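Scroll down for the structure; my scribbles are underneath it.
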Amino acid sequence: MSNVAFIRLAGFATGLFANWSPRLFEYYASRMRRFYKRYTHLRRPFLNSIWSACTFNLGPRTCCIGHRDFANLAFGWCAITALGDYDYTKGGHLILWDCKLILEFPPGTTIIIPSAAVFHSNIPIGLGERRYSFTQYTSGGIFRWIEHGFQSEEAYFASLSAEECVKERAEARSRWENGAGLFCTLDELESSSFEI
C-alpha cells in the first residue's frame, strides 16, 4: 500500500489511538511486535499503522447497516475515516446506537471506536453524492493466537492441565473487564499520571 494519502491517514489514526488510549495502544503494540517478529513473511498494510488489517469501502455511496464488528478484539478500537463529496449535515452521519449518539461525520474525518462493543451504522447520503470509507482494525483471533502461544485454541487447551484449564476459562470470562481497564479517563489523560 504505497498511496501517500492513505499512508498519512493510517499514521494519523494510529497517532489518535496512541494519544487517546495509551495503555490499550501499548497492548496492541506489544502483541503486534511479537506477531510480526514471529511471522516475518507477513506485512502490515501500512508500516506506520498499529492495526493488522484495513478495508477500503469504495461506494460510490458507502453506507453501513447497524452492526458490531464481533470478529474484532472485544475491547479493541477500530479507526474509521470518511471520504468523498457529500453534505455531511444532511447525510453520512455516524450513529452509535448504544451511546444514543448521532454524529455529523464530514469527509476527511477520522473516529476511533470500540467497534466490536458498540452497535454502529451510517445514515445514507443524497443522490449524486459520493461517500467512501477507510477502516483499520485487528481481528480478536490474532490476539488469541498470540496469547495462546501461537497455536489454536484447541491445541492450547489440550496442552493445559485440568487445573490450568479452569484458571484460563475464568480469566477468559473477565478478559473484557481487564481490556476495558486499559481505557483511560479524561482526568488520566489530562494529568498524564498513569502507568502504561
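By order in the C-alpha cells, chains are A, B, ...; within a chain, residues start at 1; ligands start at 1, following the order shown.
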message: as a PyMOL selection string, please: the residues near segment 50-53 of chain A (cut-off 10 Å, only C-alpha atoms, same-chain neighbours under 4 positions excluded).
response: chain A and resi 10-11+13-15+17-18+25-26+28-29+32-33+35-36+42-46+77-79+135-139+142
Using DSSP on the backbone coordinates, identify all residues within segment 57-160 of chain A classified as alpha helix (DSSP H); present the result as a compact mmCIF listing (two decimals) with C-alpha atoms, in the first residue's frame.
```txt
# COMPACT_ATOMS: atom_id res chain seq x y z
CA GLY A 140 -9.57 -10.68 18.00
CA GLY A 141 -8.38 -14.03 16.69
CA ILE A 142 -4.86 -12.66 16.19
CA PHE A 143 -4.69 -11.61 19.83
CA ARG A 144 -5.96 -15.05 20.97
CA TRP A 145 -3.40 -16.75 18.71
CA ILE A 146 -0.60 -14.73 20.33
CA GLU A 147 -1.92 -15.17 23.89
CA GLU A 153 -7.37 -22.54 20.97
CA GLU A 154 -7.90 -26.30 20.67
CA ALA A 155 -4.14 -27.02 20.80
CA TYR A 156 -3.65 -24.50 23.61
CA PHE A 157 -6.31 -26.03 25.85
CA ALA A 158 -5.08 -29.55 25.04
```
field: Among listed residues A:His120, A:Lys37, A:Arg23, A:Arg130, nearest Ala82 of chain A (using only C-alpha atoms)
entry: A:Arg130
- request: Write out as a list in words each polymer residue whose atoms come within 8 Å of Gly126 of chain A, counting only C-alpha atoms; drop sequence neighbours fewer than 5 positions from it.
  value: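 Once the adjacent positions are removed, what remains is Tyr86, Asp87, Lys90 and Gly91 of chain A.
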Would you mind exporting C-alpha atoms of the selected residues as a PDB file, in the first residue's frame?
```
ATOM      1  CA  TYR A  86     -21.371  14.792   0.344  1.00  0.00           C
ATOM      2  CA  ASP A  87     -23.319  17.218   2.508  1.00  0.00           C
ATOM      3  CA  LYS A  90     -27.854  16.025   5.617  1.00  0.00           C
ATOM      4  CA  GLY A  91     -26.368  12.515   5.417  1.00  0.00           C
TER       5      GLY A  91
END
```
query: So which bits of chain A end up strand (DSSP E) when you DSSP the backbone, as a PyMOL selection string?
result: chain A and resi 53-57+78-85+94-96+101-103+110-113+120-122+130-137
message: Nearest residue to Ser21 of chain A out of A:Trp97, A:Phe105, A:Phe70, A:Phe75, using only C-alpha atoms?
response: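 Answer, going by the shortest atom-to-atom distance: A:Phe75.
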Of the listed residues A:Leu73, A:Ala162, A:Ile65, A:Leu83, that which approaches Leu96 of chain A most closely, counting only C-alpha atoms: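 That would be A:Ile65, the residue with the smallest distance to Leu96 of chain A.
Pairwise distance (atom CA of Pro60 of chain A, atom CA of Asn122 of chain A) equals 14.3 Å.
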